[in-house]
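The next block holds one structure in the form of structure tokens; read it before the comments.
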Amino acid sequence: MRWWDIRPVLDLENALFPDDAWSAGMFWSELAHSRGPQATRRYVVAELDGRIVGYAGLAAAGGLGDVQTIAVEPGQWGTGLGARLLTDLLQHATAFECDEVLLEVRVDNTRAQKLYERFGFEPIGFRRGYYQPGNVDALVMRLTVQT
């Protein structure tokens, strides 16, 4: 993901997560940490016919990775795009020397939960009311990275 991707990413973000979409500033902040020798972030986009149909991001620090976001437009659900985006993030978690990768997923998003389980993520807890303003709980999942 580059700065010029932020506008189309925001369009998809707002369509998919209208109640708790990230702001442009949040993406700018993440991208500021995604380049150079001190990079601690990995953000990617997926394009189809010149338009962004998915994106994903990972933050890493102190041996711990955190999947910040994965989003795929509904027309691409079931195509394996989410799995390809997650694979990219996990490869970079290894490059960032992460021992574990964590993520939060809405408790009502069973599609995403099944994807994460296929990759070996296991539930470790809940964050009550994590997604606002809808007050939806998050399931916290963890993957131990194999080196």
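So you can find residues: chains in the structure tokens are A, B, ... in the order shown, residues in each start at 1, and ligands are numbered from 1 in order.
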Self-check item: Who sits within 12 Å of Leu48 in chain A, only C-alpha atoms, same chain under 3 positions skipped, as a VMD selection string
Solution: chain A and resid 45 51 to 55 72 to 73 75 to 76 81
Now that the selection is made, can you save its residues with C-alpha atoms as an mmCIF file, in the first residue's frame?
```cif
data_model
loop_
_atom_site.group_PDB
_atom_site.id
_atom_site.type_symbol
_atom_site.label_atom_id
_atom_site.label_comp_id
_atom_site.auth_asym_id
_atom_site.auth_seq_id
_atom_site.Cartn_x
_atom_site.Cartn_y
_atom_site.Cartn_z
ATOM 1 C CA VAL A 45 -3.429 -3.940 -1.411
ATOM 2 C CA ARG A 51 -9.170 -1.166 -8.733
ATOM 3 C CA ILE A 52 -8.454 -2.108 -5.128
ATOM 4 C CA VAL A 53 -10.523 -5.095 -4.016
ATOM 5 C CA GLY A 54 -8.737 -5.864 -0.752
ATOM 6 C CA TYR A 55 -6.095 -4.724 1.680
ATOM 7 C CA VAL A 72 -11.962 -7.950 0.949
ATOM 8 C CA GLU A 73 -14.803 -6.563 -1.138
ATOM 9 C CA GLY A 75 -17.541 -9.676 -4.794
ATOM 10 C CA GLN A 76 -14.197 -11.333 -4.021
ATOM 11 C CA LEU A 81 -8.043 -13.396 -1.652
#
```
key: Those in chain A with helix (DSSP H, G or I) from DSSP, as a PyMOL selection string   = chain A and resi 3-16+24-31+74-76+81-95+110-118
Saved selection, atoms kept: N, CA and C atoms, as a CSV table (one decimal), in the first residue's frame:
```csv
chain,number,residue,atom,x,y,z
A,3,TRP,N,0.8,5.8,-0.4
A,3,TRP,CA,-0.1,6.9,-0.1
A,3,TRP,C,-1.2,7.1,-1.1
A,4,TRP,N,-1.0,6.9,-2.4
A,4,TRP,CA,-2.0,7.1,-3.4
A,4,TRP,C,-3.1,6.0,-3.3
A,5,ASP,N,-2.9,5.0,-2.6
A,5,ASP,CA,-3.9,4.0,-2.4
A,5,ASP,C,-4.9,4.3,-1.3
A,6,ILE,N,-4.6,5.3,-0.5
A,6,ILE,CA,-5.4,5.6,0.7
A,6,ILE,C,-6.9,6.0,0.3
A,7,ARG,N,-7.1,6.8,-0.7
A,7,ARG,CA,-8.4,7.2,-1.0
A,7,ARG,C,-9.3,5.9,-1.4
A,8,PRO,N,-8.8,5.1,-2.4
A,8,PRO,CA,-9.6,3.9,-2.7
A,8,PRO,C,-9.8,2.9,-1.5
A,9,VAL,N,-8.7,2.8,-0.7
A,9,VAL,CA,-8.8,1.9,0.5
A,9,VAL,C,-9.9,2.5,1.4
A,10,LEU,N,-9.9,3.8,1.6
A,10,LEU,CA,-11.0,4.4,2.5
A,10,LEU,C,-12.4,4.1,1.9
A,11,ASP,N,-12.5,4.2,0.6
A,11,ASP,CA,-13.8,3.9,0.0
A,11,ASP,C,-14.3,2.5,0.4
A,12,LEU,N,-13.4,1.5,0.2
A,12,LEU,CA,-13.7,0.1,0.6
A,12,LEU,C,-13.9,0.0,2.1
A,13,GLU,N,-13.0,0.6,2.9
A,13,GLU,CA,-13.1,0.6,4.3
A,13,GLU,C,-14.5,1.1,4.8
A,14,ASN,N,-15.0,2.2,4.2
A,14,ASN,CA,-16.3,2.8,4.6
A,14,ASN,C,-17.4,1.9,4.2
A,15,ALA,N,-17.3,1.3,3.0
A,15,ALA,CA,-18.3,0.4,2.5
A,15,ALA,C,-18.5,-0.9,3.4
A,16,LEU,N,-17.3,-1.4,3.9
A,16,LEU,CA,-17.3,-2.6,4.6
A,16,LEU,C,-17.5,-2.4,6.1
A,24,ALA,N,-8.5,8.5,7.3
A,24,ALA,CA,-7.3,8.7,6.5
A,24,ALA,C,-6.1,8.8,7.3
A,25,GLY,N,-6.2,9.6,8.4
A,25,GLY,CA,-5.1,9.8,9.3
A,25,GLY,C,-4.5,8.5,9.9
A,26,MET,N,-5.4,7.6,10.2
A,26,MET,CA,-5.0,6.3,10.7
A,26,MET,C,-4.1,5.5,9.7
A,27,PHE,N,-4.6,5.5,8.5
A,27,PHE,CA,-3.8,4.9,7.4
A,27,PHE,C,-2.5,5.6,7.2
A,28,TRP,N,-2.5,6.9,7.1
A,28,TRP,CA,-1.3,7.7,7.0
A,28,TRP,C,-0.3,7.3,8.1
A,29,SER,N,-0.7,7.3,9.3
A,29,SER,CA,0.1,6.9,10.4
A,29,SER,C,0.7,5.6,10.3
A,30,GLU,N,-0.1,4.6,9.9
A,30,GLU,CA,0.5,3.2,9.7
A,30,GLU,C,1.5,3.2,8.5
A,31,LEU,N,1.2,3.9,7.4
A,31,LEU,CA,2.1,3.9,6.3
A,31,LEU,C,3.4,4.5,6.7
A,74,PRO,N,-17.0,-7.7,-1.0
A,74,PRO,CA,-17.9,-8.9,-1.1
A,74,PRO,C,-17.8,-9.6,-2.4
A,75,GLY,N,-17.6,-9.0,-3.5
A,75,GLY,CA,-17.5,-9.7,-4.8
A,75,GLY,C,-16.4,-10.6,-4.9
A,76,GLN,N,-15.4,-10.5,-4.0
A,76,GLN,CA,-14.2,-11.3,-4.0
A,76,GLN,C,-14.2,-12.4,-2.9
A,81,LEU,N,-8.8,-14.6,-1.8
A,81,LEU,CA,-8.0,-13.4,-1.7
A,81,LEU,C,-7.7,-13.1,-0.2
A,82,GLY,N,-8.6,-13.3,0.7
A,82,GLY,CA,-8.3,-13.1,2.1
A,82,GLY,C,-7.2,-14.0,2.6
A,83,ALA,N,-7.1,-15.2,2.1
A,83,ALA,CA,-6.1,-16.1,2.5
A,83,ALA,C,-4.7,-15.7,1.9
A,84,ARG,N,-4.7,-15.1,0.7
A,84,ARG,CA,-3.5,-14.6,0.1
A,84,ARG,C,-3.0,-13.4,0.9
A,85,LEU,N,-3.9,-12.5,1.3
A,85,LEU,CA,-3.5,-11.3,2.0
A,85,LEU,C,-2.9,-11.8,3.4
A,86,LEU,N,-3.6,-12.7,4.1
A,86,LEU,CA,-3.1,-13.2,5.4
A,86,LEU,C,-1.8,-13.9,5.2
A,87,THR,N,-1.6,-14.7,4.2
A,87,THR,CA,-0.3,-15.3,3.9
A,87,THR,C,0.8,-14.3,3.8
A,88,ASP,N,0.6,-13.2,3.1
A,88,ASP,CA,1.6,-12.2,3.0
A,88,ASP,C,1.9,-11.6,4.3
A,89,LEU,N,0.9,-11.3,5.1
A,89,LEU,CA,1.2,-10.7,6.5
A,89,LEU,C,2.0,-11.7,7.3
A,90,LEU,N,1.7,-12.9,7.3
A,90,LEU,CA,2.4,-13.9,8.1
A,90,LEU,C,3.8,-14.1,7.6
A,91,GLN,N,4.1,-14.0,6.3
A,91,GLN,CA,5.4,-14.1,5.8
A,91,GLN,C,6.2,-12.9,6.4
A,92,HIS,N,5.6,-11.8,6.4
A,92,HIS,CA,6.3,-10.6,7.0
A,92,HIS,C,6.4,-10.6,8.5
A,93,ALA,N,5.5,-11.3,9.2
A,93,ALA,CA,5.7,-11.5,10.6
A,93,ALA,C,6.9,-12.3,10.9
A,94,THR,N,7.2,-13.3,10.0
A,94,THR,CA,8.4,-14.0,10.2
A,94,THR,C,9.6,-13.1,9.9
A,95,ALA,N,9.6,-12.3,8.9
A,95,ALA,CA,10.7,-11.4,8.5
A,95,ALA,C,10.9,-10.4,9.7
A,110,THR,N,-18.1,-14.9,11.5
A,110,THR,CA,-17.7,-16.3,11.4
A,110,THR,C,-16.8,-16.6,10.2
A,111,ARG,N,-17.1,-15.9,9.1
A,111,ARG,CA,-16.3,-16.1,7.9
A,111,ARG,C,-14.8,-15.9,8.1
A,112,ALA,N,-14.5,-14.8,8.8
A,112,ALA,CA,-13.1,-14.4,9.1
A,112,ALA,C,-12.5,-15.4,10.1
A,113,GLN,N,-13.3,-15.7,11.1
A,113,GLN,CA,-12.8,-16.6,12.1
A,113,GLN,C,-12.4,-18.0,11.5
A,114,LYS,N,-13.2,-18.5,10.6
A,114,LYS,CA,-12.8,-19.7,9.9
A,114,LYS,C,-11.5,-19.6,9.1
A,115,LEU,N,-11.3,-18.5,8.5
A,115,LEU,CA,-10.1,-18.2,7.8
A,115,LEU,C,-8.9,-18.3,8.7
A,116,TYR,N,-9.0,-17.6,9.8
A,116,TYR,CA,-7.9,-17.5,10.8
A,116,TYR,C,-7.7,-18.9,11.4
A,117,GLU,N,-8.7,-19.7,11.7
A,117,GLU,CA,-8.5,-21.0,12.2
A,117,GLU,C,-7.8,-21.9,11.2
A,118,ARG,N,-8.1,-21.8,9.9
A,118,ARG,CA,-7.4,-22.6,8.9
A,118,ARG,C,-5.9,-22.3,9.0
```
Exercise for review: Would you return as an MDAnalysis selection string the members of range 43-115 of chain A that DSSP assigns to strand (DSSP E or B) on this structure's backbone?
Suggested key: chainID A and resid 43:48 51:61 64:72 100:106
Please save N, CA and C atoms of the selected residues as an mmCIF file, in the first residue's frame.
```cif
data_model
loop_
_atom_site.group_PDB
_atom_site.id
_atom_site.type_symbol
_atom_site.label_atom_id
_atom_site.label_comp_id
_atom_site.auth_asym_id
_atom_site.auth_seq_id
_atom_site.Cartn_x
_atom_site.Cartn_y
_atom_site.Cartn_z
ATOM 1 N N TYR A 43 1.737 -3.154 4.975
ATOM 2 C CA TYR A 43 0.413 -2.900 4.426
ATOM 3 C C TYR A 43 0.429 -3.216 2.943
ATOM 4 N N VAL A 44 -0.553 -3.982 2.495
ATOM 5 C CA VAL A 44 -0.629 -4.396 1.097
ATOM 6 C C VAL A 44 -2.038 -4.164 0.570
ATOM 7 N N VAL A 45 -2.136 -4.015 -0.743
ATOM 8 C CA VAL A 45 -3.429 -3.940 -1.411
ATOM 9 C C VAL A 45 -3.488 -5.027 -2.470
ATOM 10 N N ALA A 46 -4.709 -5.430 -2.790
ATOM 11 C CA ALA A 46 -4.956 -6.364 -3.889
ATOM 12 C C ALA A 46 -5.771 -5.618 -4.935
ATOM 13 N N GLU A 47 -5.331 -5.710 -6.180
ATOM 14 C CA GLU A 47 -6.020 -5.016 -7.265
ATOM 15 C C GLU A 47 -6.571 -6.010 -8.272
ATOM 16 N N LEU A 48 -7.683 -5.645 -8.851
ATOM 17 C CA LEU A 48 -8.299 -6.405 -9.930
ATOM 18 C C LEU A 48 -8.789 -5.399 -10.955
ATOM 19 N N ARG A 51 -8.509 -1.700 -9.923
ATOM 20 C CA ARG A 51 -9.170 -1.166 -8.733
ATOM 21 C C ARG A 51 -8.820 -2.036 -7.529
ATOM 22 N N ILE A 52 -8.800 -1.402 -6.360
ATOM 23 C CA ILE A 52 -8.454 -2.108 -5.128
ATOM 24 C C ILE A 52 -9.663 -2.899 -4.651
ATOM 25 N N VAL A 53 -9.452 -4.205 -4.454
ATOM 26 C CA VAL A 53 -10.523 -5.095 -4.016
ATOM 27 C C VAL A 53 -10.228 -5.707 -2.643
ATOM 28 N N GLY A 54 -9.068 -5.374 -2.081
ATOM 29 C CA GLY A 54 -8.737 -5.864 -0.752
ATOM 30 C C GLY A 54 -7.478 -5.196 -0.240
ATOM 31 N N TYR A 55 -7.300 -5.271 1.061
ATOM 32 C CA TYR A 55 -6.095 -4.724 1.680
ATOM 33 C C TYR A 55 -5.897 -5.388 3.025
ATOM 34 N N ALA A 56 -4.676 -5.279 3.540
ATOM 35 C CA ALA A 56 -4.362 -5.888 4.829
ATOM 36 C C ALA A 56 -3.175 -5.175 5.446
ATOM 37 N N GLY A 57 -3.090 -5.245 6.778
ATOM 38 C CA GLY A 57 -1.991 -4.599 7.477
ATOM 39 C C GLY A 57 -1.581 -5.351 8.729
ATOM 40 N N LEU A 58 -0.284 -5.285 9.015
ATOM 41 C CA LEU A 58 0.329 -5.931 10.169
ATOM 42 C C LEU A 58 1.241 -4.934 10.871
ATOM 43 N N ALA A 59 1.195 -4.916 12.187
ATOM 44 C CA ALA A 59 2.140 -4.149 13.002
ATOM 45 C C ALA A 59 2.997 -5.153 13.765
ATOM 46 N N ALA A 60 4.281 -4.829 13.944
ATOM 47 C CA ALA A 60 5.187 -5.724 14.656
ATOM 48 C C ALA A 60 6.058 -4.938 15.612
ATOM 49 N N ALA A 61 6.254 -5.517 16.793
ATOM 50 C CA ALA A 61 7.141 -4.896 17.787
ATOM 51 C C ALA A 61 7.488 -5.933 18.845
ATOM 52 N N LEU A 64 6.255 -9.553 18.681
ATOM 53 C CA LEU A 64 4.814 -9.758 18.606
ATOM 54 C C LEU A 64 4.256 -9.048 17.387
ATOM 55 N N GLY A 65 3.489 -9.775 16.590
ATOM 56 C CA GLY A 65 2.808 -9.188 15.454
ATOM 57 C C GLY A 65 1.335 -9.021 15.768
ATOM 58 N N ASP A 66 0.712 -8.056 15.140
ATOM 59 C CA ASP A 66 -0.713 -7.827 15.323
ATOM 60 C C ASP A 66 -1.335 -7.518 13.970
ATOM 61 N N VAL A 67 -2.264 -8.368 13.554
ATOM 62 C CA VAL A 67 -2.994 -8.105 12.319
ATOM 63 C C VAL A 67 -3.908 -6.926 12.607
ATOM 64 N N GLN A 68 -3.636 -5.806 11.963
ATOM 65 C CA GLN A 68 -4.396 -4.589 12.186
ATOM 66 C C GLN A 68 -5.708 -4.581 11.412
ATOM 67 N N THR A 69 -5.659 -5.116 10.190
ATOM 68 C CA THR A 69 -6.844 -5.092 9.344
ATOM 69 C C THR A 69 -6.680 -6.068 8.186
ATOM 70 N N ILE A 70 -7.767 -6.675 7.796
ATOM 71 C CA ILE A 70 -7.873 -7.413 6.528
ATOM 72 C C ILE A 70 -9.273 -7.124 6.015
ATOM 73 N N ALA A 71 -9.356 -6.726 4.760
ATOM 74 C CA ALA A 71 -10.652 -6.424 4.164
ATOM 75 C C ALA A 71 -10.667 -6.874 2.710
ATOM 76 N N VAL A 72 -11.777 -7.476 2.317
ATOM 77 C CA VAL A 72 -11.962 -7.950 0.949
ATOM 78 C C VAL A 72 -13.363 -7.551 0.519
ATOM 79 N N GLU A 100 4.840 -14.583 17.889
ATOM 80 C CA GLU A 100 3.395 -14.741 17.926
ATOM 81 C C GLU A 100 2.735 -13.644 17.109
ATOM 82 N N VAL A 101 1.539 -13.962 16.600
ATOM 83 C CA VAL A 101 0.723 -12.964 15.911
ATOM 84 C C VAL A 101 -0.659 -13.001 16.555
ATOM 85 N N LEU A 102 -1.134 -11.823 16.917
ATOM 86 C CA LEU A 102 -2.457 -11.688 17.507
ATOM 87 C C LEU A 102 -3.389 -10.964 16.540
ATOM 88 N N LEU A 103 -4.674 -11.113 16.772
ATOM 89 C CA LEU A 103 -5.671 -10.349 16.028
ATOM 90 C C LEU A 103 -6.952 -10.312 16.815
ATOM 91 N N GLU A 104 -7.783 -9.341 16.484
ATOM 92 C CA GLU A 104 -9.141 -9.266 16.998
ATOM 93 C C GLU A 104 -10.075 -9.398 15.807
ATOM 94 N N VAL A 105 -11.151 -10.130 16.029
ATOM 95 C CA VAL A 105 -12.162 -10.306 14.989
ATOM 96 C C VAL A 105 -13.525 -10.214 15.657
ATOM 97 N N ARG A 106 -14.460 -9.579 14.976
ATOM 98 C CA ARG A 106 -15.813 -9.476 15.525
ATOM 99 C C ARG A 106 -16.365 -10.861 15.817
#
```
TODO: Find the residues around Asp99 in chain A up to 10 Å (only C-alpha atoms counted), leave out those fewer than 6 positions away in its own chain, and share them as a PyMOL selection string.
DONE: chain A and resi 62-65+93+143-147
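Taking CA of Cys98 in chain A and CA of Trp22 in chain A as the two end points, the separation is 24.9 Å.
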As a ChimeraX atom specification, please: the residues near Asp20 in chain A (cut-off 9 Å, only C-alpha atoms, same-chain neighbours under 6 positions excluded). /A:14,131-134
**Item:** Long-range neighbours of Ile124 in chain A as a PyMOL selection string, 9 Å cut-off, only C-alpha atoms, 3 positions minimum in chain
**Value:** chain A and resi 139-142
For the selection you just gave me, I'd like the residues written to a file as a short mmCIF file (atom, residue, chain, number, x, y, z; two decimals), in the first residue's frame, keeping N, CA and C atoms.
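See result-v7.cif below for the written result:
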```cif
data_model
loop_
_atom_site.label_atom_id
_atom_site.label_comp_id
_atom_site.auth_asym_id
_atom_site.auth_seq_id
_atom_site.Cartn_x
_atom_site.Cartn_y
_atom_site.Cartn_z
N LEU A 139 -13.34 -11.29 19.42
CA LEU A 139 -12.65 -12.52 19.78
C LEU A 139 -11.17 -12.28 19.52
N VAL A 140 -10.33 -12.52 20.52
CA VAL A 140 -8.89 -12.38 20.36
C VAL A 140 -8.32 -13.74 20.00
N MET A 141 -7.51 -13.78 18.94
CA MET A 141 -6.93 -15.03 18.48
C MET A 141 -5.41 -14.88 18.39
N ARG A 142 -4.72 -16.02 18.57
CA ARG A 142 -3.26 -16.00 18.56
C ARG A 142 -2.73 -17.14 17.69
#
```
Rounded to one decimal, what separation in Å do you get between CA of Arg128 in chain A and CA of Thr40 in chain A?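 That distance, rounded to one decimal, is 27.6 Å.
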Across A:Gly120, A:Asp19, A:Arg2, A:Ala39, the smallest distance to Phe96 in chain A, with only C-alpha atoms counted, is shown by A:Ala39
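Counting from CA of Tyr130 in chain A, the distance to CA of Ala21 in chain A is 13.3 Å.
Minimum atom-to-atom distances from A:Arg127, A:Asp137, A:Gly80, A:His33 to Asp108 in chain A were compared using only C-alpha atoms, and the lowest value belongs to A:Asp137.
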